[in-house]
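Below: the structure, in structure tokens.
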Amino acid sequence: MYLVVEQLLNGLQFGLLLFLLAAGLTLVFGIMDFVNLAHGSLYMMGAYFAATFVAKTDSFVLGTLLALGATLLLGIVLEYVALRHLYGRDHLDQVLATFGLILFFNDAVRLIWGPAGLALPLPAWLTVPVQIIPGVYYPAYRLTIIVVALAVAAMLYLVVMRTRVGMLIRAGASNREMIGALGINIKLLFTLVFGLGAALAGLAGLMQAPILTVQIGMGENILILAFVIIVIGGIGSIRGAFMAALFVGIIDTMGRAFLPDLLRKVLSGAAASTAAPALSSMLIYLLMAIILVLRPEGLFPAAKR
Amino acid sequence: MKKAFWLAGAMALALAQPATAADSVKIGFVSTFSGPTAVIGNDMRNSFELALDHLGRKIDGKPVEVIYEDDQQKPDVGKQKTEKLVQSDKVDFIVGYIWSNVLLASLKTAVDSKTFLISANAGPSQLAGELCSPYVFSTSWQNDQTPAAMGLYMNQKGVKSVFLIGPNYAAGKDMLAGVKSTFKGEVVGEEYTVWPSQLDFSAELTKARNSKAESIFVFYPGAAGVQFLNQYAQAGIKAQIPLYTAFTVDELSLPLQKDNAIGIPGAQEWVNDLPNAENKKFVEDYHKKYPGLRPTYYGAQAYDAAQLINSAVIAVKGDLTKKDAMKAEMEKANFKSLRGPFKYGNNHIPIQNFYLQDVVKDADGQLSLKTVATIVKDDQDKFHDKCSMK
């Protein structure tokens, strides 16, 4: 029983992390109709900034806050300098240009920080396991990720649903031309949205960094999952991204945790332990396929255009 | 105009000449030079270049030409690069291969063309057994050997039960099989993770802790080793269940693993402090040539590969068509390996010692690896009976 609780927490943590990445992606894709493959690079930059600033300031909290600000700034600059010119183009041009940006960022990182990668060590108070219910310990840092991501999700919800900017964002998602016609400065709105998306990606990257390593190309694999999530959740929908991220995180983790044992009941030991990881990594794609068949718009599509 | 014509004719003649009369030794080197594991490929290249320096950049008086190719850690790319080296570059030797799955995909191309292939790292069980070939040599080990040595050490420590975790590819399966072949206690669980994309091991660590196993064994080479140790320490499992490893803590991962690696034993056939004279020279000159970097076992194996090639070319006095004579010479392992005692079994896999390594803080506070004990002497892989070469 404890095992299930712990694995659920693992899934929740992974899902929330994916949400941070997917939220930015779905905003940019849904509102600006812009395919940004370089979203994973912003995730990577968040991690590199954090590793650098934490080492410089000797404070984990201060360093990560600085890194968050730096990624936000980088996002805004990137939008202003490069991406702004691509909005009118079709998706293929955007894919090409942002793929170029991935290569640019990877080599820039290699030039500045070297090919070996960096470590982002945690402060001592985050490396102790916490007893959540009697008998179940959970890493303090993973709990922190859960809390921070939930807080960000709540804030995002409030901003999008309860503020004027949020109203504009929602309006932009349903009909871009119309809000432009109503005299809203859509350029500024887009820059803001892109910066917000970049900061969210950076936050995901810097929170993932102490668990993994900070390395070149770290955002590429995880970006595929983020795309799966926005497709499942419905493009442009924050609520959809949230639910889909939780689904994907929990299904992926539960699959890895319990599928091998289930398979061992029907297959021989060796065959089961080989097949299980392959099968469990397929589960989320299966989920996506099923949802696409049943609800091609995703689970929670943003309001119709 | 006439001159140019003759020049062109001479060049065509030179190109048409058979490889025998070629006045250089051509070596193809396939390793990973991009992506997160590029640091490993770079280290192998550094050490191979150092070996060539030590040989005076010449083998049997001939200049050496090395063509480095990046396999991107992908079997299909490795195979393509191997084909390119064999078919269009017509190299005399192919060296390298970090990853067992890349080597297995590339093997047939080399063997069919009767090009000597020297694995400087990967040691899949198939290579030692049914796929052994007169044209394939290893300057590393068979995958099972190192973890098998770790299993012996765990027996010495009186460990009663273990939970195994490793990546789901050729080497991962060999490694876990290797521990199981020698470990006398109970194996309470065995988990494979998606390789190389899975970097979060929370589900596996949770299972290991809940299995009540007395110990955990893992094999995670490269950056995955850093990630695993991070998560193992953060989950507080380091204080509860001791970890035993193969190829998880090395000189490349140590600067990133930092204190997480302290107290985690590993088995290895080469450690930087092995006391033989050749090794001392290698380590010293490596530091001189590449300030700020530290040599690894990957590099030491690549260095030995250069020495093996050198011995073969000298034995046939530079006539690279005498493949049988070269093979016979290489089987003698007529060179001084950086790891000390080194000879070949019937399947061209080394028979060698395995050491216990530990992480220590050296004089200037840096973490480094240190040999603690010899776990097993003159160990031969357990697949050599399956090899048709006698």
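Every chain in the structure tokens takes a letter, A first, then B, and so on in the order presented; its residues are numbered from 1, and the ligands are numbered from 1 following the presented order.
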
Practice problem: May I have the residues of chain B within 6 Å of chain A, counting only C-alpha atoms, written as number ranges by chain? | Solution: B: 39, 193-194, 203, 227, 230-231, 234-236, 256

Residues from last step as file, C-alpha atoms, as a compact mmCIF listing (two decimals), in the first residue's frame:
# COMPACT_ATOMS: atom_id res chain seq x y z
CA VAL B 39 33.09 13.50 -22.86
CA THR B 193 15.12 1.23 -17.41
CA VAL B 194 14.64 2.71 -20.88
CA ALA B 203 10.08 4.51 -9.46
CA GLN B 227 21.79 11.21 -12.15
CA ASN B 230 21.96 12.26 -7.15
CA GLN B 231 18.60 10.60 -6.78
CA GLN B 234 18.39 12.72 -2.29
CA ALA B 235 15.94 9.93 -1.52
CA GLY B 236 17.91 9.25 1.66
CA LEU B 256 29.65 16.00 -11.10

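Within region 189-235 of chain B, DSSP run on the backbone puts these residues in alpha helix (DSSP H): B:Ser202, B:Ala203, B:Glu204, B:Leu205, B:Thr206, B:Lys207, B:Ala208, B:Arg209, B:Asn210, B:Ala223, B:Ala224, B:Gly225, B:Val226, B:Gln227, B:Phe228, B:Leu229, B:Asn230, B:Gln231, B:Tyr232, B:Ala233, B:Gln234.
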
Take the residues that were just selected and, keeping C-alpha atoms, output them as an mmCIF file, in the first residue's frame.
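Below is the file that was written, out36.cif:
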data_model
loop_
_atom_site.group_PDB
_atom_site.id
_atom_site.type_symbol
_atom_site.label_atom_id
_atom_site.label_comp_id
_atom_site.auth_asym_id
_atom_site.auth_seq_id
_atom_site.Cartn_x
_atom_site.Cartn_y
_atom_site.Cartn_z
ATOM 1 C CA SER B 202 12.360 7.486 -8.744
ATOM 2 C CA ALA B 203 10.077 4.508 -9.457
ATOM 3 C CA GLU B 204 12.979 2.060 -9.398
ATOM 4 C CA LEU B 205 14.508 3.526 -6.241
ATOM 5 C CA THR B 206 11.157 3.371 -4.471
ATOM 6 C CA LYS B 207 10.855 -0.294 -5.393
ATOM 7 C CA ALA B 208 14.389 -1.036 -4.255
ATOM 8 C CA ARG B 209 13.747 0.526 -0.863
ATOM 9 C CA ASN B 210 10.455 -1.291 -0.442
ATOM 10 C CA ALA B 223 25.857 11.051 -17.146
ATOM 11 C CA ALA B 224 23.230 8.493 -16.075
ATOM 12 C CA GLY B 225 25.604 7.503 -13.258
ATOM 13 C CA VAL B 226 25.566 11.089 -12.001
ATOM 14 C CA GLN B 227 21.790 11.208 -12.148
ATOM 15 C CA PHE B 228 21.370 7.892 -10.395
ATOM 16 C CA LEU B 229 23.679 8.843 -7.524
ATOM 17 C CA ASN B 230 21.964 12.256 -7.154
ATOM 18 C CA GLN B 231 18.601 10.601 -6.776
ATOM 19 C CA TYR B 232 19.912 7.777 -4.582
ATOM 20 C CA ALA B 233 21.368 10.327 -2.169
ATOM 21 C CA GLN B 234 18.386 12.720 -2.290
#

Exercise. Just the residues within 7 Å of region 166-182 of chain B, please, counting only C-alpha atoms, with nothing from its chain fewer than 4 positions along; format it as a list in words.
Key: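 Residues meeting the cut-off are Thr274 of chain A; Ser100, Asn101, Pro124, Ser125, Asn143, Asp144, Gln145, Pro147, Ala148, Met150, Gly151, Leu152, Glu191, Tyr192, Thr193, Val194, Trp195, Val218, Phe219 and Tyr220 of chain B.
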
Practice problem: Would you kindly return, as a list in words, each protein, DNA or RNA residue with an atom no farther than 12 Å from any atom of Ile179 (chain A), considering only C-alpha atoms and excluding same-chain residues fewer than 5 positions away? | Solution: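 Neighbouring residues, sequence-local ones excluded: Ile31, Met167, Leu168, Ile169, Arg170, Ala171, Gly172, Ala173, Ser174, Ile184, Asn185, Ile186, Lys187 and Leu189 of chain A.
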
Next, write the just-selected residues to a file, as a compact mmCIF listing (two decimals), in the first residue's frame, keeping N, CA and C atoms as the atom set.
# COMPACT_ATOMS: atom_id res chain seq x y z
N ILE A 31 -1.98 30.48 -28.30
CA ILE A 31 -2.34 31.88 -28.41
C ILE A 31 -1.65 32.54 -29.59
N MET A 167 -7.55 37.66 -19.30
CA MET A 167 -8.70 37.74 -20.19
C MET A 167 -8.21 37.93 -21.63
N LEU A 168 -7.22 38.80 -21.79
CA LEU A 168 -6.67 39.04 -23.12
C LEU A 168 -6.03 37.77 -23.67
N ILE A 169 -5.33 37.06 -22.78
CA ILE A 169 -4.68 35.82 -23.22
C ILE A 169 -5.73 34.84 -23.71
N ARG A 170 -6.81 34.71 -22.94
CA ARG A 170 -7.87 33.79 -23.34
C ARG A 170 -8.52 34.24 -24.64
N ALA A 171 -8.72 35.54 -24.72
CA ALA A 171 -9.32 36.08 -25.95
C ALA A 171 -8.41 35.81 -27.14
N GLY A 172 -7.09 35.96 -26.89
CA GLY A 172 -6.12 35.71 -27.95
C GLY A 172 -6.16 34.26 -28.40
N ALA A 173 -6.38 33.36 -27.45
CA ALA A 173 -6.42 31.95 -27.79
C ALA A 173 -7.63 31.64 -28.66
N SER A 174 -8.77 32.34 -28.42
CA SER A 174 -9.95 32.00 -29.22
C SER A 174 -10.00 32.77 -30.54
N ILE A 184 -6.15 46.10 -28.98
CA ILE A 184 -5.22 45.60 -27.97
C ILE A 184 -3.83 45.51 -28.61
N ASN A 185 -2.82 45.92 -27.86
CA ASN A 185 -1.45 45.84 -28.37
C ASN A 185 -1.01 44.38 -28.36
N ILE A 186 -1.26 43.73 -29.49
CA ILE A 186 -1.05 42.29 -29.52
C ILE A 186 0.42 41.93 -29.51
N LYS A 187 1.24 42.84 -30.04
CA LYS A 187 2.68 42.57 -30.04
C LYS A 187 3.20 42.45 -28.61
N LEU A 189 1.45 41.82 -25.98
CA LEU A 189 0.86 40.64 -25.35
C LEU A 189 1.65 39.39 -25.72

Quiz item: Near Gly340 (chain B), within 9 Å and counting only C-alpha atoms, which residues show up once chain neighbours fewer than 6 positions away are dropped, as a PyMOL selection string?
Solution: chain B and resi 270+274-276+278-279+352-353

Take the residues that were just selected and, keeping N, CA and C atoms, output them as a short mmCIF file (atom, residue, chain, number, x, y, z; two decimals), in the first residue's frame.
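Saved file part.cif follows:
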data_model
loop_
_atom_site.label_atom_id
_atom_site.label_comp_id
_atom_site.auth_asym_id
_atom_site.auth_seq_id
_atom_site.Cartn_x
_atom_site.Cartn_y
_atom_site.Cartn_z
N TRP B 270 41.16 -1.10 -14.54
CA TRP B 270 42.22 -0.08 -14.55
C TRP B 270 41.82 1.05 -13.63
N LEU B 274 47.34 2.58 -10.54
CA LEU B 274 48.02 1.29 -10.67
C LEU B 274 49.52 1.54 -10.78
N PRO B 275 50.32 0.75 -10.05
CA PRO B 275 51.70 1.16 -9.83
C PRO B 275 52.71 0.84 -10.93
N ASN B 276 52.29 0.30 -12.09
CA ASN B 276 53.33 -0.04 -13.07
C ASN B 276 53.86 1.20 -13.78
N GLU B 278 54.53 2.00 -16.92
CA GLU B 278 53.85 2.50 -18.11
C GLU B 278 52.65 3.36 -17.72
N ASN B 279 51.92 2.88 -16.71
CA ASN B 279 50.74 3.61 -16.28
C ASN B 279 51.10 4.96 -15.67
N GLN B 352 42.56 -10.96 -17.22
CA GLN B 352 43.14 -9.84 -16.48
C GLN B 352 42.63 -9.78 -15.04
N ASN B 353 43.23 -8.88 -14.28
CA ASN B 353 42.82 -8.70 -12.88
C ASN B 353 41.70 -7.66 -12.80
#

Quiz prompt | Near-region 94-98 of chain B list (6 Å; only C-alpha atoms; drop same-chain fewer than 5 positions) as a list in words | solution =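 After dropping sequence-adjacent residues, the list is Ile27, Gly28, Phe29, Val30, Ser31, Leu103, Leu117, Ile118, Ser119, Ala120, Asn121 and Ala122 of chain B.
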
At a cut-off of 12 Å, using only C-alpha atoms, what residues contact Ala213 (chain B)? Leave out same-chain residues fewer than 5 positions from it and give the result as a PDB file with C-alpha atoms, in the first residue's frame.
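The resulting file, part_32.pdb, is shown below:
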ATOM      1  CA  VAL B 159      25.917  -9.249   1.648  1.00  0.00           C
ATOM      2  CA  LYS B 160      22.808 -11.438   1.824  1.00  0.00           C
ATOM      3  CA  SER B 161      20.475  -9.883  -0.729  1.00  0.00           C
ATOM      4  CA  VAL B 162      20.591  -7.411  -3.592  1.00  0.00           C
ATOM      5  CA  PHE B 163      18.273  -5.352  -5.790  1.00  0.00           C
ATOM      6  CA  LEU B 164      19.607  -4.918  -9.331  1.00  0.00           C
ATOM      7  CA  GLY B 185      22.965 -14.163  -1.883  1.00  0.00           C
ATOM      8  CA  GLU B 186      19.389 -13.647  -2.949  1.00  0.00           C
ATOM      9  CA  VAL B 187      18.431 -11.400  -5.874  1.00  0.00           C
ATOM     10  CA  VAL B 188      15.185  -9.857  -4.625  1.00  0.00           C
ATOM     11  CA  GLY B 189      14.470  -7.664  -7.619  1.00  0.00           C
ATOM     12  CA  GLU B 190      15.717  -6.758 -11.050  1.00  0.00           C
ATOM     13  CA  LEU B 205      14.508   3.526  -6.241  1.00  0.00           C
ATOM     14  CA  THR B 206      11.157   3.371  -4.471  1.00  0.00           C
ATOM     15  CA  LYS B 207      10.855  -0.294  -5.393  1.00  0.00           C
ATOM     16  CA  ALA B 208      14.389  -1.036  -4.255  1.00  0.00           C
ATOM     17  CA  ILE B 237      18.549   5.701   0.531  1.00  0.00           C
ATOM     18  CA  GLN B 240      19.863   3.055   4.482  1.00  0.00           C
ATOM     19  CA  ILE B 241      21.002   0.680   1.741  1.00  0.00           C
ATOM     20  CA  PRO B 242      24.603   0.439   0.539  1.00  0.00           C
ATOM     21  CA  LEU B 243      25.212   0.665  -3.205  1.00  0.00           C
TER      22      LEU B 243
END

Practice problem: Kindly indicate which residue among B:Gly318, B:Pro36, B:Pro350, B:Pro341 lies nearest to Ala305 (chain B), using only C-alpha atoms for the distances. | Solution: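 Closest to Ala305 (chain B) of all the choices is B:Pro350.
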
Quiz prompt | Interatomic distance (Å, one decimal) between CA of Asp304 (chain B) and CA of Ser47 (chain B) | solution =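 Computed distance, CA of Asp304 (chain B) to CA of Ser47 (chain B), equals 9.3 Å.
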
Quiz item: Separation of CA of Arg45 (chain B) and CA of Val360 (chain B), in Å?
Solution: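 Distance reported for this atom pair: 26.8 Å.
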
Quiz prompt | strand (DSSP E) positions in region 96-233 of chain A, given as a PyMOL selection string | solution = chain A and resi 129-133+136-139
